[in-house]
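File shown here: run22.cif, holding mmCIF, C-alpha atoms.
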```
data_start
loop_
_atom_site.label_atom_id
_atom_site.label_comp_id
_atom_site.auth_asym_id
_atom_site.auth_seq_id
_atom_site.Cartn_x
_atom_site.Cartn_y
_atom_site.Cartn_z
CA MET E 283 1.94 22.25 33.19
CA THR E 284 4.37 20.80 35.68
CA PRO E 285 7.60 19.41 34.21
CA ALA E 286 6.21 15.89 34.75
CA GLU E 287 3.02 16.73 32.86
CA GLU E 288 5.03 18.34 30.09
CA GLU E 289 7.20 15.24 29.84
CA ARG E 290 4.12 13.03 29.63
CA GLU E 291 2.60 15.22 26.91
CA ALA E 292 5.79 15.25 24.87
CA LEU E 293 6.24 11.48 25.23
CA ALA E 294 2.63 10.79 24.23
CA GLY E 295 2.95 13.18 21.29
CA GLU E 296 6.16 11.55 20.05
CA TYR E 297 4.63 8.11 20.48
CA VAL E 298 1.69 9.07 18.25
CA LEU E 299 3.94 10.95 15.81
CA GLY E 300 6.04 7.77 15.53
CA THR E 301 9.51 9.19 16.22
CA LEU E 302 10.20 7.07 19.32
CA ASP E 303 12.53 4.14 18.76
CA ALA E 304 11.24 0.59 19.25
CA ARG E 305 12.28 0.34 22.90
CA ALA E 306 10.77 3.69 23.92
CA ALA E 307 7.56 2.95 22.01
CA ALA E 308 7.27 -0.41 23.77
CA GLU E 309 7.78 1.30 27.14
CA VAL E 310 5.00 3.78 26.40
CA GLU E 311 2.69 0.88 25.49
CA ARG E 312 3.56 -0.94 28.72
CA ALA E 313 3.03 2.19 30.80
CA MET E 314 -0.32 2.91 29.13
CA ALA E 315 -1.70 -0.34 30.54
CA THR E 316 -1.43 1.02 34.09
CA ASP E 317 -1.42 4.80 33.58
CA PRO E 318 -4.83 6.25 32.65
CA ALA E 319 -3.41 9.78 32.32
CA LEU E 320 -0.86 8.60 29.75
CA ARG E 321 -3.59 6.67 27.95
CA ALA E 322 -5.73 9.80 27.82
CA ALA E 323 -2.78 11.87 26.58
CA VAL E 324 -2.13 9.38 23.75
CA ALA E 325 -5.82 9.34 22.76
CA ALA E 326 -5.85 13.15 22.71
CA TRP E 327 -2.74 13.22 20.48
CA GLU E 328 -4.30 10.68 18.11
CA ALA E 329 -7.32 12.96 17.74
CA ARG E 330 -5.18 16.11 17.39
CA LEU E 331 -2.94 14.73 14.64
CA ALA E 332 -5.54 12.57 12.84
CA PRO E 333 -6.27 15.17 10.13
CA LEU E 334 -2.66 14.79 8.92
CA ALA E 335 -3.60 11.35 7.56
CA ALA E 336 -5.15 13.27 4.65
CA LEU E 337 -1.59 14.04 3.48
CA ALA E 338 -1.02 10.43 2.39
CA PRO E 339 -2.23 9.86 -1.18
CA PRO E 340 -4.97 7.19 -1.24
CA GLU E 341 -3.92 3.93 -2.90
CA ALA E 342 -5.88 0.75 -3.65
CA PRO E 343 -4.70 -2.26 -1.59
CA PRO E 344 -4.08 -5.63 -3.27
CA PRO E 345 -7.46 -7.17 -4.22
CA ASP E 346 -6.96 -10.30 -2.09
CA LEU E 347 -6.21 -8.41 1.13
CA TRP E 348 -9.70 -8.62 2.59
CA ASP E 349 -9.66 -12.42 2.20
CA ARG E 350 -6.35 -12.55 4.08
CA ILE E 351 -7.76 -10.38 6.88
CA GLU E 352 -10.91 -12.44 7.18
CA ALA E 353 -8.90 -15.67 7.30
CA ALA E 354 -6.73 -14.23 10.09
CA LEU E 355 -9.67 -13.14 12.27
CA PRO E 356 -10.21 -15.21 15.41
CA GLY E 357 -12.54 -18.11 14.74
CA ALA E 358 -11.71 -18.20 11.06
CA PRO E 359 -11.24 -21.64 9.49
CA ALA E 360 -7.64 -22.91 9.39
CA ALA E 361 -5.63 -20.39 7.46
CA PRO E 362 -5.44 -21.16 3.75
CA ALA E 363 -2.25 -20.38 1.86
CA ALA E 364 -3.59 -16.98 0.88
CA ALA E 365 -3.69 -15.91 4.52
CA MET E 366 -0.03 -16.57 5.13
CA ARG E 367 2.02 -13.55 5.96
CA GLY E 368 3.80 -11.71 3.16
CA GLY E 369 7.12 -13.51 2.87
CA ILE E 370 5.76 -17.01 2.70
CA ALA E 371 2.87 -16.10 0.44
CA ARG E 372 5.24 -14.31 -1.91
CA ALA E 373 7.62 -17.25 -2.04
CA GLY E 374 4.63 -19.40 -3.00
CA ALA E 375 3.66 -16.94 -5.70
CA CYS E 376 7.17 -17.14 -7.12
CA ARG E 377 7.01 -20.91 -7.39
CA TRP E 378 3.65 -20.55 -9.05
CA TRP E 379 5.11 -18.07 -11.51
CA ARG E 380 7.97 -20.34 -12.38
CA GLY E 381 5.47 -23.12 -12.97
CA TRP E 382 3.62 -20.94 -15.44
CA ALA E 383 6.73 -19.85 -17.23
CA LEU E 384 7.99 -23.41 -17.65
CA GLY E 385 4.64 -24.70 -18.87
CA ALA E 386 4.26 -21.80 -21.23
CA SER E 387 7.70 -22.36 -22.73
CA ALA E 388 6.95 -26.03 -23.29
CA ILE E 389 3.72 -25.22 -25.12
CA ALA E 390 5.46 -22.47 -27.06
CA ALA E 391 8.04 -25.03 -28.19
CA GLY E 392 5.20 -27.31 -29.29
CA LEU E 393 3.49 -24.57 -31.25
CA ALA E 394 6.80 -23.53 -32.72
CA ALA E 395 7.22 -27.09 -33.99
CA LEU E 396 3.77 -26.88 -35.61
CA VAL E 397 4.80 -23.69 -37.32
CA VAL E 398 7.92 -25.39 -38.65
CA LEU E 399 6.10 -28.46 -39.88
CA ARG E 400 3.33 -26.67 -41.69
CA PRO E 401 4.70 -25.47 -45.07
CA PRO E 402 4.53 -22.96 -46.63
CA GLU E 403 3.27 -20.08 -44.52
CA PRO E 404 1.27 -17.45 -46.39
CA VAL E 405 2.60 -14.76 -44.00
CA PRO E 406 6.05 -14.73 -42.43
CA PRO E 407 5.93 -16.39 -39.01
CA PRO E 408 6.15 -14.17 -35.95
CA GLN E 409 9.63 -13.60 -34.69
CA LEU E 410 8.83 -14.41 -31.06
CA MET E 411 5.95 -16.06 -29.30
CA THR E 412 4.65 -17.57 -26.10
CA VAL E 413 1.47 -19.11 -24.82
CA LEU E 414 0.11 -18.10 -21.43
CA LEU E 415 -1.60 -20.91 -19.55
CA SER E 416 -4.66 -20.88 -17.32
CA ASN E 417 -4.35 -22.26 -13.82
CA GLN E 418 -5.69 -25.55 -15.19
CA ASP E 419 -2.69 -25.55 -17.54
CA GLN E 420 -4.93 -24.89 -20.53
CA PRO E 421 -3.61 -22.53 -23.22
CA ALA E 422 -5.31 -19.20 -22.46
CA TRP E 423 -3.52 -16.56 -24.51
CA LEU E 424 -1.34 -16.57 -27.58
CA VAL E 425 1.25 -13.80 -27.67
CA GLN E 426 3.15 -13.11 -30.86
CA ALA E 427 5.78 -10.45 -31.39
CA GLU E 428 6.43 -9.30 -34.94
CA ARG E 429 9.66 -8.12 -36.48
CA ASP E 430 8.41 -4.54 -36.50
CA GLY E 431 7.99 -4.60 -32.70
CA ALA E 432 4.22 -5.14 -32.66
CA ILE E 433 2.93 -7.49 -29.99
CA ARG E 434 -0.28 -9.36 -30.79
CA LEU E 435 -2.39 -10.95 -28.10
CA ALA E 436 -5.30 -13.29 -28.74
CA ALA E 437 -7.48 -15.15 -26.24
CA LEU E 438 -7.45 -18.90 -26.97
CA ASN E 439 -10.03 -19.80 -24.39
CA ALA E 440 -11.67 -16.61 -23.18
CA GLN E 441 -12.76 -16.66 -19.53
CA PRO E 442 -15.11 -14.05 -18.05
CA VAL E 443 -13.49 -11.23 -16.07
CA PRO E 444 -15.24 -10.04 -12.88
CA PRO E 445 -17.51 -7.08 -13.78
CA ASP E 446 -15.57 -4.53 -11.71
CA ARG E 447 -12.13 -5.62 -12.95
CA VAL E 448 -10.10 -5.37 -16.15
CA LEU E 449 -7.15 -7.31 -17.51
CA GLN E 450 -3.95 -5.36 -18.10
CA LEU E 451 -1.05 -6.50 -20.26
CA TRP E 452 2.55 -5.93 -19.17
CA ALA E 453 6.01 -6.59 -20.55
CA LEU E 454 9.14 -7.02 -18.46
CA PRO E 455 12.35 -6.91 -20.53
CA GLN E 456 15.23 -8.96 -19.12
CA GLY E 457 17.18 -6.95 -16.60
CA ALA E 458 14.37 -4.41 -16.13
CA THR E 459 13.24 -3.87 -12.56
CA ALA E 460 9.62 -2.98 -13.30
CA PRO E 461 7.18 -4.06 -15.99
CA THR E 462 5.94 -1.66 -18.65
CA SER E 463 2.20 -1.46 -19.25
CA LEU E 464 1.13 -2.47 -22.75
CA GLY E 465 -2.42 -1.32 -22.01
CA LEU E 466 -5.75 -2.85 -21.11
CA ILE E 467 -7.05 -5.95 -22.82
CA PRO E 468 -10.42 -5.29 -24.47
CA PRO E 469 -13.30 -7.64 -23.55
CA GLU E 470 -13.12 -9.45 -26.90
CA GLY E 471 -9.61 -10.58 -25.92
CA ARG E 472 -7.66 -9.47 -29.01
CA VAL E 473 -5.27 -6.58 -29.13
CA THR E 474 -2.16 -5.52 -31.02
CA VAL E 475 0.19 -2.97 -29.50
CA THR E 476 3.47 -1.51 -30.67
CA PRO E 477 5.14 -0.20 -27.54
CA ALA E 478 7.31 2.86 -28.04
CA GLN E 479 9.72 2.32 -25.13
CA ILE E 480 10.55 -1.36 -25.43
CA ARG E 481 11.30 -3.89 -28.16
CA PRO E 482 10.20 -7.48 -27.87
CA GLU E 483 13.21 -9.75 -27.32
CA PRO E 484 13.74 -13.39 -26.40
CA GLY E 485 13.37 -13.87 -22.64
CA MET E 486 11.06 -10.91 -22.18
CA LEU E 487 8.24 -11.71 -19.74
CA ILE E 488 4.66 -11.06 -20.76
CA GLU E 489 2.20 -10.78 -17.89
CA ILE E 490 -1.52 -10.21 -17.49
CA SER E 491 -2.78 -8.81 -14.20
CA LEU E 492 -6.23 -8.20 -12.78
CA GLU E 493 -6.75 -4.49 -12.14
CA PRO E 494 -9.42 -2.00 -11.10
CA PRO E 495 -11.43 -0.28 -13.89
CA GLY E 496 -9.17 1.96 -15.94
CA GLY E 497 -6.12 -0.14 -15.11
CA SER E 498 -3.45 0.08 -12.46
CA PRO E 499 -3.37 3.60 -11.02
CA ILE E 500 0.34 3.38 -10.19
CA GLY E 501 2.02 2.17 -13.37
CA ARG E 502 2.84 -1.33 -12.11
CA PRO E 503 0.62 -4.32 -11.45
CA THR E 504 -1.52 -3.94 -8.33
CA GLY E 505 -3.66 -7.04 -8.69
CA PRO E 506 -2.66 -10.69 -8.96
CA ILE E 507 -0.63 -11.73 -11.99
CA LEU E 508 -3.03 -14.19 -13.62
CA PHE E 509 -0.89 -15.20 -16.57
CA ILE E 510 2.79 -15.01 -17.28
CA GLY E 511 5.09 -16.36 -19.93
CA ARG E 512 8.44 -15.77 -21.58
CA LEU E 513 8.86 -14.82 -25.21
CA ALA E 514 10.91 -17.33 -27.17
CA ALA E 515 12.08 -17.41 -30.75
CA ALA E 516 9.51 -19.12 -32.94
CA GLY E 517 10.97 -22.04 -34.88
CA GLY E 518 12.29 -21.08 -38.30
CA ALA E 519 12.17 -17.37 -37.55
CA MET D 1206 -25.67 -3.78 9.58
CA ASP D 1207 -26.21 -1.59 6.51
CA ALA D 1208 -22.91 -1.11 4.65
CA GLU D 1209 -23.94 2.52 3.96
CA ALA D 1210 -24.37 3.26 7.67
CA PRO D 1211 -22.28 6.03 9.27
CA LEU D 1212 -18.74 4.88 10.09
CA GLU D 1213 -19.44 5.42 13.78
CA ASP D 1214 -22.30 2.90 13.68
CA LEU D 1215 -20.10 0.42 11.81
CA VAL D 1216 -17.35 0.65 14.46
CA VAL D 1217 -19.92 0.13 17.22
CA ALA D 1218 -21.25 -2.92 15.34
CA VAL D 1219 -17.69 -4.29 14.95
CA ALA D 1220 -17.31 -4.01 18.73
CA GLY D 1221 -20.40 -6.23 19.00
CA GLY D 1222 -18.71 -8.88 16.82
CA ASP D 1223 -20.39 -7.99 13.51
CA ARG D 1224 -17.99 -9.26 10.84
CA GLY D 1225 -20.10 -7.77 8.03
CA ALA D 1226 -19.59 -4.36 9.61
CA LEU D 1227 -15.81 -4.90 9.63
CA ARG D 1228 -15.98 -5.81 5.96
CA ALA D 1229 -18.02 -2.67 5.22
CA LEU D 1230 -15.44 -0.57 7.10
CA TYR D 1231 -12.70 -2.21 5.03
CA GLN D 1232 -14.54 -1.59 1.77
CA ARG D 1233 -15.08 2.08 2.56
CA GLN D 1234 -11.79 2.94 4.20
CA SER D 1235 -9.12 0.57 2.85
CA VAL D 1236 -8.01 2.77 -0.07
CA ARG D 1237 -7.44 5.72 2.24
CA LEU D 1238 -5.83 3.60 4.97
CA PHE D 1239 -3.64 1.61 2.58
CA GLY D 1240 -2.38 5.00 1.36
CA VAL D 1241 -1.48 5.88 4.95
CA ALA D 1242 0.47 2.61 5.39
CA GLN D 1243 2.12 2.87 1.97
CA ALA D 1244 3.29 6.46 2.65
CA ILE D 1245 5.16 5.10 5.69
CA LEU D 1246 6.51 1.87 4.17
CA ARG D 1247 6.76 2.63 0.44
CA ASP D 1248 6.52 -1.12 -0.17
CA ARG D 1249 3.13 -2.53 -1.21
CA ASP D 1250 3.72 -6.01 0.22
CA ALA D 1251 4.74 -4.62 3.60
CA ALA D 1252 1.87 -2.12 3.53
CA ALA D 1253 -0.57 -4.98 2.89
CA ASP D 1254 0.85 -6.86 5.90
CA ALA D 1255 0.47 -3.67 7.94
CA LEU D 1256 -3.14 -3.14 6.89
CA GLN D 1257 -3.92 -6.75 7.75
CA ASP D 1258 -2.47 -6.25 11.26
CA ALA D 1259 -4.27 -2.94 11.54
CA PHE D 1260 -7.68 -4.43 10.77
CA LEU D 1261 -7.11 -7.17 13.33
CA ARG D 1262 -6.38 -4.41 15.87
CA VAL D 1263 -9.51 -2.56 14.76
CA SER D 1264 -11.60 -5.67 15.37
CA GLN D 1265 -10.03 -6.13 18.83
CA ARG D 1266 -10.23 -2.50 19.92
CA ALA D 1267 -13.51 -1.35 18.42
CA GLY D 1268 -14.96 -1.51 21.94
CA GLN D 1269 -12.62 1.30 22.98
CA PHE D 1270 -14.06 3.67 20.37
CA ASP D 1271 -16.13 6.40 21.98
CA PRO D 1272 -18.25 8.35 19.45
CA ALA D 1273 -18.47 11.23 21.92
CA ARG D 1274 -14.70 11.75 21.75
CA GLY D 1275 -14.15 11.97 18.01
CA GLU D 1276 -15.15 10.76 14.61
CA ALA D 1277 -14.59 7.19 13.48
CA GLY D 1278 -12.43 7.98 10.43
CA ALA D 1279 -9.88 9.72 12.66
CA TRP D 1280 -9.99 6.88 15.18
CA LEU D 1281 -9.34 4.35 12.41
CA ALA D 1282 -6.40 6.28 10.99
CA GLY D 1283 -4.99 6.63 14.51
CA ILE D 1284 -5.02 2.85 15.06
CA VAL D 1285 -3.90 1.97 11.56
CA ARG D 1286 -0.68 4.01 11.70
CA TYR D 1287 0.81 1.90 14.50
CA ALA D 1288 1.06 -1.21 12.34
CA PRO D 1289 3.25 0.30 9.58
CA LEU D 1290 5.25 2.21 12.22
CA ASP D 1291 5.99 -1.09 13.99
CA ILE D 1292 7.12 -2.66 10.72
CA ALA D 1293 9.29 0.37 9.92
CA ARG D 1294 10.92 0.10 13.36
CA ARG D 1295 11.52 -3.64 13.00
CA ARG D 1296 13.29 -2.95 9.75
CA GLY D 1297 15.46 -0.40 11.49
CA ARG D 1298 13.93 2.18 9.18
CA GLU D 1299 16.63 1.51 6.68
CA MET D 1300 14.59 3.18 3.96
CA PRO D 1301 16.79 5.77 2.30
CA THR D 1302 15.74 9.32 3.09
CA ASP D 1303 17.01 10.64 -0.24
CA ASP D 1304 14.22 8.76 -2.04
CA PRO D 1305 12.92 11.41 -4.45
CA ALA D 1306 9.38 10.10 -3.97
CA LEU D 1307 9.64 10.91 -0.31
CA GLY D 1308 8.35 13.78 1.61
CA ASP D 1309 8.24 16.89 -0.47
CA GLN D 1310 4.64 16.48 -1.50
CA ALA D 1311 3.67 16.19 2.16
CA VAL D 1312 4.67 19.76 2.84
CA GLU D 1313 3.43 21.40 -0.33
CA PRO D 1314 0.77 24.02 0.34
CA GLU D 1315 -1.84 22.10 -1.73
CA ALA D 1316 -1.29 19.05 0.42
CA LEU D 1317 -1.83 21.09 3.55
CA GLU D 1318 -5.09 22.30 2.05
CA ARG D 1319 -6.28 18.68 2.19
CA VAL D 1320 -5.68 18.71 5.94
CA ALA D 1321 -7.81 21.82 6.27
CA ALA D 1322 -10.59 20.38 4.11
CA ALA D 1323 -12.10 18.60 7.10
CA ALA D 1324 -13.52 20.83 9.82
CA GLU D 1325 -11.28 19.37 12.52
CA GLY D 1326 -8.23 19.92 10.30
CA ARG D 1327 -8.74 23.64 9.83
CA ARG D 1328 -7.51 24.62 13.26
CA LEU D 1329 -4.59 22.14 13.02
CA ARG D 1330 -3.59 23.74 9.73
CA GLU D 1331 -3.54 27.20 11.33
CA CYS D 1332 -1.49 25.93 14.24
CA LEU D 1333 0.98 24.19 11.87
CA ASP D 1334 1.33 27.45 9.96
CA ALA D 1335 2.32 29.16 13.19
CA LEU D 1336 5.32 26.81 13.63
CA GLU D 1337 8.77 27.53 12.23
CA ALA D 1338 9.10 26.01 8.75
CA LYS D 1339 11.69 23.31 9.59
CA ASN D 1340 9.82 22.47 12.74
CA ARG D 1341 6.61 21.98 10.78
CA GLN D 1342 8.42 19.98 8.08
CA GLY D 1343 9.97 17.67 10.67
CA ILE D 1344 6.61 16.90 12.24
CA LEU D 1345 4.95 16.29 8.86
CA LEU D 1346 7.77 14.04 7.60
CA ALA D 1347 7.61 12.00 10.79
CA PHE D 1348 3.82 11.67 10.70
CA VAL D 1349 3.28 10.98 7.01
CA HIS D 1350 6.42 8.95 6.18
CA GLY D 1351 7.18 7.48 9.58
CA LEU D 1352 10.69 8.96 9.66
CA SER D 1353 12.72 8.59 12.84
CA HIS D 1354 14.47 11.55 14.47
CA ALA D 1355 17.69 10.53 12.72
CA GLN D 1356 16.02 10.31 9.31
CA VAL D 1357 14.35 13.70 9.76
CA ALA D 1358 17.74 15.12 10.75
CA ALA D 1359 19.37 13.65 7.62
CA ARG D 1360 16.53 14.85 5.44
CA LEU D 1361 16.53 18.42 6.77
CA ASP D 1362 20.31 18.50 7.14
CA LEU D 1363 20.16 19.42 10.82
CA PRO D 1364 21.96 17.96 13.84
CA LEU D 1365 20.07 15.11 15.53
CA GLY D 1366 19.84 16.90 18.88
CA THR D 1367 18.36 19.98 17.23
CA VAL D 1368 15.70 17.88 15.49
CA LYS D 1369 14.76 16.09 18.70
CA SER D 1370 14.27 19.29 20.63
CA TRP D 1371 12.50 21.06 17.74
CA ILE D 1372 10.00 18.27 17.27
CA ARG D 1373 9.32 18.15 20.97
CA ARG D 1374 8.92 21.91 21.16
CA GLY D 1375 6.76 21.90 18.02
CA LEU D 1376 4.44 19.27 19.49
CA LEU D 1377 4.03 21.22 22.74
CA GLN D 1378 3.34 24.40 20.73
CA LEU D 1379 0.75 22.58 18.64
CA ARG D 1380 -0.96 21.29 21.77
CA GLU D 1381 -1.02 24.77 23.27
CA CYS D 1382 -2.39 26.25 20.04
CA LEU D 1383 -5.12 23.61 19.74
CA THR D 1384 -6.35 23.96 23.30
#
```
Please lay out the structure from this file as structure tokens.
Amino acid sequence: MTPAEEEREALAGEYVLGTLDARAAAEVERAMATDPALRAAVAAWEARLAPLAALAPPEAPPPDLWDRIEAALPGAPAAPAAAMRGGIARAGACRWWRGWALGASAIAAGLAALVVLRPPEPVPPPQLMTVLLSNQDQPAWLVQAERDGAIRLAALNAQPVPPDRVLQLWALPQGATAPTSLGLIPPEGRVTVTPAQIRPEPGMLIEISLEPPGGSPIGRPTGPILFIGRLAAAGGA
Amino acid sequence: MDAEAPLEDLVVAVAGGDRGALRALYQRQSVRLFGVAQAILRDRDAAADALQDAFLRVSQRAGQFDPARGEAGAWLAGIVRYAPLDIARRRGREMPTDDPALGDQAVEPEALERVAAAAEGRRLRECLDALEAKNRQGILLAFVHGLSHAQVAARLDLPLGTVKSWIRRGLLQLRECLT
């Protein structure tokens, strides 16, 4: 190889490897448009290094990603909100979350009032509770946390889950950076769990996400958060 | 286009504007390719943005795929890596290199066995083995995690200039070995 050929090979190799900084990478891309030898060198490096992609552990993408891609393809109908790029879409999701949490707290307050007004309870009332709402603002799940740390979940208005998906329950204590899985929700929609690592407390978020069979493979929600609410003290508790 | 068709046929169909073929490619390859993007970005939202960009590139460039020059899975992975690398560069690659989740598994012997599992990876594996250890590690960290020269230098505790020249020399050695 002449020094010029060696330089071209090294540059193409570093471009494919990814170590070039933004400016150098952009220069390589510009030069490739007019330099068939550089283009061929880059293609050869892509083929040479391609088997290294097997070193990255496979991971399921978010379930809505295909819809975003399809909406962004040329000729797709005007981009719906779901096709917006990350930042904006996430900001929207946050507003949506807050909407849920507020609605859920309001209903929880209402239910708490019912609990107060209905005397006398045969069993002691739960210490904490919340109601998770559907996206039509209908009560969908009742969550009750007992004094012994058990969390009980019951479907109020069971909706079918897609056949290749499961619902997974999560708790996010205040100040925690990542939710803790409380397990999968069985198809009948009722489950009681007593998590070992966390104790239910006022303000703790309860979330339900849509996950692949067997649940999230990575220990945090991978699918959309379908329901979310905040545990609050039940009246009279 | 049959979703079970060979990947090569699907890419050729995508080049002809077949959106169903693109969807079939996504269904069969997105878990592997999202893993590639996530290994570079270590941020699921950013990796999803990257995979979206990558599939738009795939739909635009499918016409450049030549089945005679290589297999479609390798071609896809080659295209897909540029999207997360671009995002990493735009961020200034501020990701900390002391992240414990980063890097070590990429150079474990079992991980290298995965490279050799495919026929075209066997020779690459042998050629990587022939490199000096830090040289090999630098190349693998850069490829799998998208580390810049400076991040590889910090990670391997070597001067920047040394890392630059080692990676360059390692690449030229690899090329020689694979010829």
Q: Identify, on the basis of all atoms listed in the file, every residue whose closest approach to Ala437 (chain E) does not exceed 10 Å; exclude the query and any residue fewer than 2 positions from it along the same chain; express the result as a VMD selection string.
A: chain E and resid 413 to 414 421 to 425 435 439 to 441 467 469 to 473
(Q) Applying the PyMOL selection byres ((chain D) within 7 of (chain E)) to the file I just gave you, which residues come out? Please list them as JSON, numbers by chain. (A) {"D": [1235, 1236, 1237, 1239, 1240, 1241, 1244, 1250, 1253, 1254, 1257, 1261, 1275, 1279, 1282, 1283, 1290, 1294, 1311, 1316, 1319, 1320, 1325, 1326, 1347, 1348, 1349, 1351, 1352, 1353, 1354, 1373, 1376, 1377]}
(Q) I'd like to see the residues matched by the PyMOL selection byres ((chain E and resi 456) around 9) on this file, and ideally I'd get them as a count of residues only. (A) 10
Q: Check which residues satisfy the PyMOL selection byres ((chain E and resi 453) around 9) in the file shown, then give them as number ranges by chain.
A: E: 451-452, 454-455, 460-464, 480, 482, 486-490
Q: Could you check how far CA of Leu1256 (chain D) sits from CA of Leu1361 (chain D), in Å to one decimal?
A: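 Atom-to-atom, CA of Leu1256 (chain D) and CA of Leu1361 (chain D) are spaced 29.2 Å apart.
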Padding of 3 Å on every side, edges along x, y and z, all listed atoms of region 1341-1356 of chain D included: what centre and edge lengths in Å, to one decimal, does that box have, as JSON?
```
{"center_x": 10.5, "center_y": 14.7, "center_z": 10.3, "size_x": 20.4, "size_y": 20.5, "size_z": 14.3}
```
How would region 1352-1370 of chain D read, as a short mmCIF file (atom, residue, chain, number, x, y, z; two decimals), in the frame of the given file, once N, CA and C atoms are built in?
```cif
data_model
loop_
_atom_site.label_atom_id
_atom_site.label_comp_id
_atom_site.auth_asym_id
_atom_site.auth_seq_id
_atom_site.Cartn_x
_atom_site.Cartn_y
_atom_site.Cartn_z
N LEU D 1352 9.24 8.79 9.50
CA LEU D 1352 10.69 8.96 9.66
C LEU D 1352 11.05 9.06 11.14
N SER D 1353 12.19 8.47 11.48
CA SER D 1353 12.72 8.59 12.84
C SER D 1353 13.37 9.97 13.00
N HIS D 1354 13.73 10.30 14.23
CA HIS D 1354 14.47 11.55 14.47
C HIS D 1354 15.70 11.63 13.56
N ALA D 1355 16.45 10.51 13.49
CA ALA D 1355 17.69 10.53 12.72
C ALA D 1355 17.42 10.75 11.24
N GLN D 1356 16.34 10.13 10.73
CA GLN D 1356 16.02 10.31 9.31
C GLN D 1356 15.54 11.73 9.03
N VAL D 1357 14.77 12.31 9.95
CA VAL D 1357 14.35 13.70 9.76
C VAL D 1357 15.58 14.59 9.76
N ALA D 1358 16.52 14.30 10.66
CA ALA D 1358 17.74 15.12 10.75
C ALA D 1358 18.51 15.05 9.44
N ALA D 1359 18.63 13.80 8.87
CA ALA D 1359 19.37 13.65 7.62
C ALA D 1359 18.64 14.39 6.50
N ARG D 1360 17.34 14.25 6.50
CA ARG D 1360 16.53 14.85 5.44
C ARG D 1360 16.60 16.38 5.47
N LEU D 1361 16.55 16.95 6.65
CA LEU D 1361 16.53 18.42 6.77
C LEU D 1361 17.94 18.99 6.97
N ASP D 1362 18.93 18.07 7.00
CA ASP D 1362 20.31 18.50 7.14
C ASP D 1362 20.51 19.33 8.42
N LEU D 1363 20.03 18.77 9.52
CA LEU D 1363 20.16 19.42 10.82
C LEU D 1363 20.77 18.42 11.79
N PRO D 1364 21.44 18.89 12.84
CA PRO D 1364 21.96 17.96 13.84
C PRO D 1364 20.81 17.22 14.54
N LEU D 1365 21.10 15.95 14.91
CA LEU D 1365 20.07 15.11 15.53
C LEU D 1365 19.47 15.77 16.78
N GLY D 1366 20.33 16.30 17.64
CA GLY D 1366 19.84 16.90 18.88
C GLY D 1366 18.89 18.06 18.61
N THR D 1367 19.22 18.84 17.59
CA THR D 1367 18.36 19.98 17.23
C THR D 1367 16.98 19.48 16.81
N VAL D 1368 16.97 18.42 15.98
CA VAL D 1368 15.70 17.88 15.49
C VAL D 1368 14.87 17.36 16.64
N LYS D 1369 15.52 16.63 17.55
CA LYS D 1369 14.76 16.09 18.70
C LYS D 1369 14.10 17.21 19.48
N SER D 1370 14.87 18.25 19.79
CA SER D 1370 14.27 19.29 20.63
C SER D 1370 13.25 20.12 19.85
#
```
